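Containing compact mmCIF, C-alpha atoms: model.txt.
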# COMPACT_ATOMS: atom_id res chain seq x y z
CA MET A 212 14.73 -20.31 23.60
CA LYS A 213 13.99 -16.83 24.85
CA ILE A 214 14.74 -14.04 22.39
CA PRO A 215 17.15 -11.47 23.82
CA LYS A 216 15.56 -8.15 24.61
CA PHE A 217 17.96 -6.41 22.24
CA TRP A 218 16.34 -8.15 19.26
CA GLN A 219 12.75 -7.40 20.24
CA PRO A 220 11.27 -4.57 18.15
CA PRO A 221 10.44 -1.55 20.31
CA GLU A 222 6.78 -0.66 20.73
CA ILE A 223 5.42 2.79 21.45
CA GLN A 224 2.37 2.93 23.72
CA ALA A 225 1.08 6.00 21.95
CA SER A 226 -1.74 8.46 22.36
CA PRO A 227 -3.53 9.42 19.12
CA ASN A 228 -0.35 11.38 18.26
CA ALA A 229 3.04 9.69 18.05
CA ARG A 230 6.49 10.74 16.90
CA LEU A 231 9.24 8.28 16.00
CA GLU A 232 12.40 9.06 17.94
CA HIS A 233 15.81 7.40 17.88
CA ASN A 234 15.02 4.97 20.69
CA ASP A 235 11.83 3.80 18.96
CA ILE A 236 13.45 2.65 15.72
CA LEU A 237 15.21 -0.62 14.96
CA ILE A 238 17.45 -1.09 11.92
CA LEU A 239 19.09 -4.26 10.57
CA PRO A 240 20.54 -5.42 7.25
CA SER A 241 18.02 -6.91 4.85
CA ARG A 242 18.58 -10.27 3.13
CA PHE A 243 20.03 -8.47 0.16
CA GLY A 244 22.15 -6.41 2.57
CA ILE A 245 23.55 -9.55 4.20
CA PHE A 246 24.49 -10.92 0.78
CA TYR A 247 26.04 -7.56 -0.11
CA LEU A 248 28.15 -7.52 3.08
CA ALA A 249 29.23 -11.13 2.51
CA LEU A 250 30.32 -10.26 -1.02
CA ALA A 251 32.26 -7.23 0.23
CA GLY A 252 33.94 -9.44 2.85
CA VAL A 253 34.93 -12.04 0.26
CA LEU A 254 36.42 -9.32 -1.94
CA PHE A 255 38.36 -7.98 1.03
CA VAL A 256 39.79 -11.43 1.77
CA PHE A 257 40.78 -11.98 -1.87
CA GLY A 258 42.30 -8.53 -2.08
CA SER A 259 44.32 -9.11 1.10
CA ASN A 260 45.57 -12.56 0.07
CA TYR A 261 46.57 -11.53 -3.45
CA GLN A 262 47.64 -8.01 -2.40
CA ASN A 263 45.43 -6.49 -5.08
CA ASN A 264 44.79 -2.86 -4.26
CA LEU A 265 41.97 -2.48 -6.77
CA ILE A 266 39.95 -5.27 -5.14
CA LEU A 267 40.67 -3.81 -1.70
CA ILE A 268 39.50 -0.37 -2.82
CA LEU A 269 36.33 -1.92 -4.27
CA SER A 270 35.58 -3.71 -0.99
CA PHE A 271 36.17 -0.51 0.99
CA LEU A 272 33.81 1.39 -1.35
CA MET A 273 31.15 -1.29 -0.84
CA PHE A 274 31.47 -1.00 2.95
CA SER A 275 31.28 2.78 2.71
CA LEU A 276 28.15 2.59 0.57
CA PHE A 277 26.52 0.28 3.07
CA SER A 278 27.36 2.65 5.94
CA SER A 279 25.82 5.56 4.02
CA CYS A 280 22.67 3.56 3.30
CA LEU A 281 22.48 2.68 6.98
CA LEU A 282 22.40 6.34 8.00
CA ILE A 283 20.05 7.41 5.20
CA CYS A 284 17.63 4.58 5.94
CA PHE A 285 17.51 5.45 9.63
CA ARG A 286 17.06 9.18 8.93
CA ASN A 287 14.20 8.36 6.54
CA LEU A 288 12.07 7.17 9.46
CA SER A 289 13.41 9.24 12.33
CA GLY A 290 11.23 12.20 13.30
CA LEU A 291 8.14 10.98 11.44
CA SER A 292 4.86 11.96 13.18
CA LEU A 293 1.68 9.89 13.08
CA ARG A 294 -1.66 11.39 14.07
CA PHE A 295 -4.35 8.77 14.55
CA GLN A 296 -8.06 9.51 14.39
CA PRO A 297 -11.06 7.54 15.73
CA GLY A 298 -11.67 4.43 13.67
CA ARG A 299 -14.33 4.13 10.97
CA SER A 300 -16.90 1.66 12.29
CA GLY A 301 -18.51 -1.06 10.17
CA PHE A 302 -20.60 -4.20 10.35
CA ALA A 303 -19.25 -7.59 11.40
CA GLY A 304 -17.72 -9.40 8.44
CA GLU A 305 -16.84 -6.14 6.67
CA GLN A 306 -13.79 -3.92 6.52
CA VAL A 307 -13.27 -1.26 9.18
CA GLY A 308 -10.65 1.44 8.93
CA PHE A 309 -8.31 3.47 11.10
CA PRO A 310 -7.56 6.86 9.52
CA LEU A 311 -4.26 8.54 10.25
CA GLU A 312 -2.17 11.41 9.03
CA LEU A 313 1.56 11.29 8.42
CA ALA A 314 3.31 14.58 9.13
CA SER A 315 6.92 15.42 8.37
CA ASP A 316 9.19 18.42 8.04
CA ARG A 317 11.01 16.85 5.07
CA ALA A 318 10.37 14.39 2.27
CA ARG A 319 10.21 10.67 3.09
CA HIS A 320 10.57 7.80 0.66
CA ALA A 321 9.21 4.25 0.26
CA LEU A 322 7.22 3.97 3.49
CA THR A 323 5.11 0.91 4.31
CA LEU A 324 2.41 0.94 7.00
CA SER A 325 0.44 -2.10 8.09
CA LEU A 326 -1.56 -3.68 10.90
CA ASP A 327 -0.86 -7.13 12.33
CA LYS A 328 -3.82 -8.61 10.43
CA GLY A 329 -4.60 -6.03 7.79
CA ALA A 330 -3.66 -4.78 4.36
CA GLN A 331 -0.51 -2.76 3.77
CA GLN A 332 -0.34 0.84 2.63
CA ARG A 333 2.71 1.89 0.62
CA LEU A 334 3.85 5.46 0.01
CA GLN A 335 6.55 5.99 -2.58
CA LEU A 336 6.95 9.63 -1.58
CA LEU A 337 5.70 11.56 1.44
CA VAL A 338 5.96 15.29 0.93
CA THR A 339 5.46 18.04 3.48
CA PRO A 340 3.34 18.82 5.38
CA GLY A 341 1.88 15.31 5.28
CA GLN A 342 -0.63 12.89 3.86
CA ARG A 343 -3.82 11.18 5.05
CA LEU A 344 -4.47 7.48 4.61
CA GLU A 345 -6.44 4.65 6.19
CA LEU A 346 -5.35 1.25 7.47
CA GLY A 347 -8.06 -1.35 6.99
CA THR A 348 -8.75 -4.66 8.69
CA LEU A 349 -11.59 -7.17 8.84
CA GLY A 350 -14.09 -6.76 11.68
CA LYS A 351 -14.70 -10.41 12.44
CA ARG A 352 -16.69 -10.05 15.65
CA ARG A 353 -18.93 -7.30 16.96
CA GLY A 354 -17.66 -5.16 19.80
CA ARG A 355 -14.83 -2.74 20.41
CA LEU A 356 -11.94 -3.24 18.00
CA LEU A 357 -8.46 -1.85 18.62
CA PRO A 358 -5.96 -1.57 15.77
CA GLY A 359 -3.31 -3.41 17.76
CA ARG A 360 0.25 -3.00 16.58
CA VAL A 361 0.92 -0.61 13.70
CA ARG A 362 4.16 -1.27 11.84
CA VAL A 363 6.01 1.48 9.98
CA SER A 364 8.92 0.26 7.87
CA SER A 365 11.15 1.20 4.95
CA HIS A 366 13.94 -0.28 2.79
CA TYR A 367 15.01 3.04 1.28
CA PRO A 368 17.36 3.82 -0.47
CA LEU A 369 18.87 0.66 -2.03
CA GLY A 370 17.21 -2.12 -0.06
CA LEU A 371 20.40 -2.94 1.81
CA CYS A 372 18.86 -2.12 5.23
CA ARG A 373 15.40 -2.40 6.71
CA VAL A 374 14.23 0.01 9.39
CA TRP A 375 10.98 -0.27 11.30
CA ALA A 376 9.05 0.78 14.38
CA HIS A 377 5.96 -0.56 16.14
CA ILE A 378 3.21 1.66 17.57
CA ARG A 379 0.13 0.80 19.61
CA PRO A 380 -2.18 3.82 19.26
CA GLU A 381 -4.89 4.45 21.83
CA VAL A 382 -7.73 4.58 19.31
CA GLY A 383 -10.46 2.14 18.36
CA CYS A 384 -13.75 1.67 16.56
CA TRP A 385 -16.97 -0.29 16.92
CA VAL A 386 -17.80 -3.39 14.92
CA TRP A 387 -21.59 -3.38 14.63
CA PRO A 388 -23.73 -6.54 14.57
CA SER A 389 -24.31 -7.86 11.08
CA PRO A 390 -27.84 -6.79 10.04
CA THR A 391 -30.51 -9.35 9.22
CA PRO A 392 -34.14 -8.83 8.16
CA PRO A 393 -35.92 -7.73 11.37
CA ASP A 394 -38.54 -9.83 13.08
CA ARG A 395 -42.09 -8.54 12.60
CA SER A 396 -42.57 -8.68 16.35
CA ILE A 397 -40.21 -5.69 16.71
CA PRO A 398 -42.35 -2.52 16.96
CA ALA A 399 -40.08 -0.58 14.62
CA VAL A 400 -41.22 -2.57 11.60
CA SER A 401 -44.96 -2.36 11.99
CA SER A 402 -47.36 -2.64 9.08
CA PRO A 403 -48.24 0.46 7.02
CA SER A 404 -51.60 0.79 8.77
CA GLN A 405 -49.83 1.12 12.09
CA THR A 406 -47.37 3.72 10.81
CA SER A 407 -50.00 5.98 9.25
CA GLN A 408 -49.86 8.14 12.37
CA TRP A 409 -46.70 9.76 10.93
CA GLN A 410 -48.43 11.07 7.80
CA GLU A 411 -49.61 14.46 9.11
CA LEU A 412 -47.17 17.20 8.10
CA ASP A 413 -45.91 19.15 11.11
CA GLY A 414 -43.27 21.38 9.55
CA LEU A 415 -39.88 21.55 7.83
CA CYS A 416 -36.31 21.36 9.08
CA PRO A 417 -32.92 21.44 7.34
CA TRP A 418 -31.97 18.18 5.63
CA GLN A 419 -28.81 16.45 6.88
CA PRO A 420 -26.79 13.52 5.48
CA GLY A 421 -28.35 10.27 6.69
CA HIS A 422 -31.95 11.41 6.39
CA SER A 423 -34.22 9.57 4.00
CA LEU A 424 -34.59 11.17 0.56
CA SER A 425 -38.27 10.14 0.56
CA ARG A 426 -38.97 12.83 3.20
CA MET A 427 -37.21 15.66 1.34
CA ASP A 428 -39.43 18.55 0.23
CA TRP A 429 -38.66 18.63 -3.48
CA LYS A 430 -40.81 21.72 -4.04
CA GLN A 431 -38.58 23.75 -1.73
CA LEU A 432 -35.52 22.42 -3.55
CA ALA A 433 -37.02 23.32 -6.96
CA ARG A 434 -37.60 26.87 -5.69
CA GLN A 435 -33.90 27.04 -4.75
CA ARG A 436 -34.66 27.32 -1.03
CA GLY A 437 -32.25 24.56 -0.07
CA LYS A 438 -32.78 20.99 1.05
CA MET A 439 -35.60 20.75 3.59
CA LEU A 440 -36.87 17.69 5.44
CA LYS A 441 -40.55 17.08 6.08
CA GLN A 442 -41.50 16.54 9.73
CA PHE A 443 -44.66 14.62 10.54
CA ASN A 444 -46.77 14.93 13.67
CA ASP A 445 -47.34 11.89 15.89
CA ASN A 446 -51.06 12.13 16.56
CA ASN A 447 -51.11 9.21 18.92
CA ASN A 448 -47.99 10.39 20.77
CA GLN A 449 -46.43 6.96 20.30
CA ALA A 450 -42.79 6.24 19.58
CA PHE A 451 -41.14 3.31 17.86
CA TRP A 452 -38.85 1.52 20.27
CA LEU A 453 -36.32 -1.22 19.74
CA GLU A 454 -36.50 -3.48 22.78
CA LEU A 455 -33.07 -4.79 23.79
CA ASN A 456 -33.03 -8.03 25.78
CA PRO A 457 -29.45 -8.91 26.89
CA GLY A 458 -30.70 -12.24 28.27
CA HIS A 459 -32.06 -13.42 24.91
CA GLY A 460 -31.42 -17.08 24.13
CA ASP A 461 -29.74 -16.26 20.80
CA LEU A 462 -28.20 -12.90 21.64
CA GLU A 463 -26.28 -12.42 18.39
CA GLN A 464 -29.34 -13.13 16.25
CA HIS A 465 -31.36 -10.79 18.45
CA LEU A 466 -28.82 -7.97 17.99
CA SER A 467 -28.67 -8.59 14.25
CA GLN A 468 -32.44 -8.23 14.01
CA LEU A 469 -32.34 -5.00 16.00
CA THR A 470 -29.62 -3.70 13.69
CA GLY A 471 -31.73 -4.55 10.66
CA ALA A 472 -34.74 -2.83 12.24
CA ALA A 473 -32.69 0.31 12.93
CA LEU A 474 -31.51 0.46 9.33
CA HIS A 475 -35.08 -0.12 8.13
CA CYS A 476 -36.41 2.79 10.19
CA GLN A 477 -33.59 5.09 9.07
CA GLN A 478 -34.24 4.29 5.41
CA GLN A 479 -37.99 4.82 5.80
CA GLY A 480 -37.55 8.07 7.72
CA VAL A 481 -39.36 6.78 10.82
CA PRO A 482 -38.03 8.06 14.20
CA PHE A 483 -36.93 5.22 16.47
CA GLY A 484 -35.26 4.69 19.83
CA LEU A 485 -33.58 1.94 21.82
CA ARG A 486 -34.27 0.86 25.37
CA GLY A 487 -33.18 -1.98 27.56
CA PRO A 488 -32.06 -2.67 31.12
CA HIS A 489 -30.53 0.48 32.61
CA MET A 490 -30.35 2.28 29.25
CA GLU A 491 -32.59 4.34 26.99
CA ILE A 492 -31.92 6.32 23.82
CA PRO A 493 -34.92 8.53 22.94
CA PRO A 494 -36.39 8.28 19.44
CA GLY A 495 -34.75 10.48 16.84
CA LEU A 496 -33.67 10.67 13.24
CA ASP A 497 -30.74 13.08 13.09
CA GLY A 498 -27.49 12.33 11.33
CA ASN A 499 -25.74 10.77 14.36
CA HIS A 500 -28.72 8.95 15.85
CA LEU A 501 -28.24 5.73 13.87
CA GLY A 502 -24.56 5.61 14.86
CA ARG A 503 -25.42 5.95 18.57
CA ILE A 504 -27.92 3.11 18.30
CA LEU A 505 -25.50 0.81 16.48
CA ASP A 506 -22.66 1.63 18.91
CA SER A 507 -24.91 0.69 21.83
CA LEU A 508 -25.83 -2.62 20.20
CA ALA A 509 -22.17 -3.38 19.48
CA GLY A 510 -21.26 -2.68 23.11
CA VAL A 511 -23.64 -5.28 24.59
CA PRO A 512 -21.54 -7.84 26.54
CA HIS A 513 -21.17 -11.16 24.77
CA GLY A 514 -23.20 -14.03 26.16
CA ARG A 515 -21.52 -17.01 27.72
What would you get if you wrote out this structure as structure tokens?
Amino acid sequence: MKIPKFWQPPEIQASPNARLEHNDILILPSRFGIFYLALAGVLFVFGSNYQNNLILILSFLMFSLFSSCLLICFRNLSGLSLRFQPGRSGFAGEQVGFPLELASDRARHALTLSLDKGAQQRLQLLVTPGQRLELGTLGKRRGRLLPGRVRVSSHYPLGLCRVWAHIRPEVGCWVWPSPTPPDRSIPAVSSPSQTSQWQELDGLCPWQPGHSLSRMDWKQLARQRGKMLKQFNDNNNQAFWLELNPGHGDLEQHLSQLTGAALHCQQQGVPFGLRGPHMEIPPGLDGNHLGRILDSLAGVPHGR
């Protein structure tokens, strides 16, 4: 049986910013609300049959209360703005998140936000100008992950009605390959004798989050000159490259080893790069370099 279009929850194909308008919201009685209306109807029938004005007045008051809750519940969601941000990437098998900010010109109560296959976030009170939160889900498979349908709902004030809206934001994040200990055949994990070429000090540069603490110049920090990172000269003018082979027999294992090698190099403070067919990321070690490498590995097409 095909569900009538009237009963299908509306979905907003939203940019990173979305605002809930009247046409985007659906409201229906909850289970408790249906029982409440049935009880009010029974009281009305009894009051009419026995001509009892007190029972009739009680039933009318119950219907009036339900009508007020209907309007308050709808107004609690109407006009709410959601500002989505790029997702927080993570490794396959771990939680990834989609940060967002709720903005409102008035207080909102008892809001629930959730993804189709993710944990719920509940807000008992949303005050102006807004609040930041994150919707999490499990990154089961590497690649580009979209949040899918975001559900915003509420049962405020008395639980007699439920109001909700569905949004599909145009944001996403990368699910990186799950790291495994790298193969020794990968150049980025050479033996200490092969990496000795990085031991000649070439200078200092400002330290940034993501750099290895083993390369920090602690003497400069003790002299209160700030956090400085030691730079070493490559005497042999050689770079450490991760060789990507999209035609590898076990592609997922290959990508996991490359991910492990990238993390190893980042932790050891060894500059590294990635190259493969029609792509090349020069060696580096800045704060965003590891993320660019992992995003490229996650974006490799899946093998057949």
Inset, instruction - Find the residues around Leu269 of chain A up to 9 Å (all atoms listed in the file counted), leave out those fewer than 3 positions away in its own chain, and share them as an MDAnalysis selection string. - result: chainID A and resid 251 254:255 264:266 272:274
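Atom pair atom CA of Ala229 of chain A / atom CA of Pro310 of chain A: separated by 13.9 Å.
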Inset, instruction - Kindly indicate which residue among A:Gly350, A:Arg333, A:Phe277, A:Ser270 lies nearest to Gly258 of chain A, using only C-alpha atoms for the distances. - result: A:Ser270
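Between atom CA of Val481 of chain A and atom CA of Pro390 of chain A the interatomic distance comes to 17.8 Å.
Distances to Glu345 of chain A were evaluated for A:Gly495, A:Gly308, A:Gly370, A:Gly502 using all atoms listed in the file, and the minimum falls at A:Gly308.
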Can you tell me, as JSON, the centre and edge lengths (Å, one decimal) of the axis-aligned box enclosing all of segment 466-481 of chain A's listed atoms after padding each side by 3 Å?
{"center_x": -34.0, "center_y": -0.3, "center_z": 11.7, "size_x": 16.7, "size_y": 22.7, "size_z": 18.6}
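Using all atoms listed in the file, the nearest neighbour of Thr391 of chain A within the list A:Leu466, A:Cys476, A:Leu496, A:Val253 is A:Leu466.
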Inset, instruction - Can you work out the spacing between atom CA of Gly298 of chain A and atom CA of Trp387 of chain A in Å, to one decimal? - result: 12.7 Å
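With all atoms listed in the file as the atoms that count, the residue of A:Phe302, A:Phe246, A:Phe271, A:Trp452 with the shortest distance to Ala472 of chain A is A:Trp452.
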Inset, instruction - Counting only C-alpha atoms, figure out which residue out of A:Ser365, A:Gln296, A:Gln464, A:Asn456 gets nearest to Gly487 of chain A. - result: A:Asn456
Legend entry - Counting only C-alpha atoms, the residue of A:Pro340, A:Gly480, A:Pro240, A:Pro392 that sits nearest Phe285 of chain A: A:Pro240
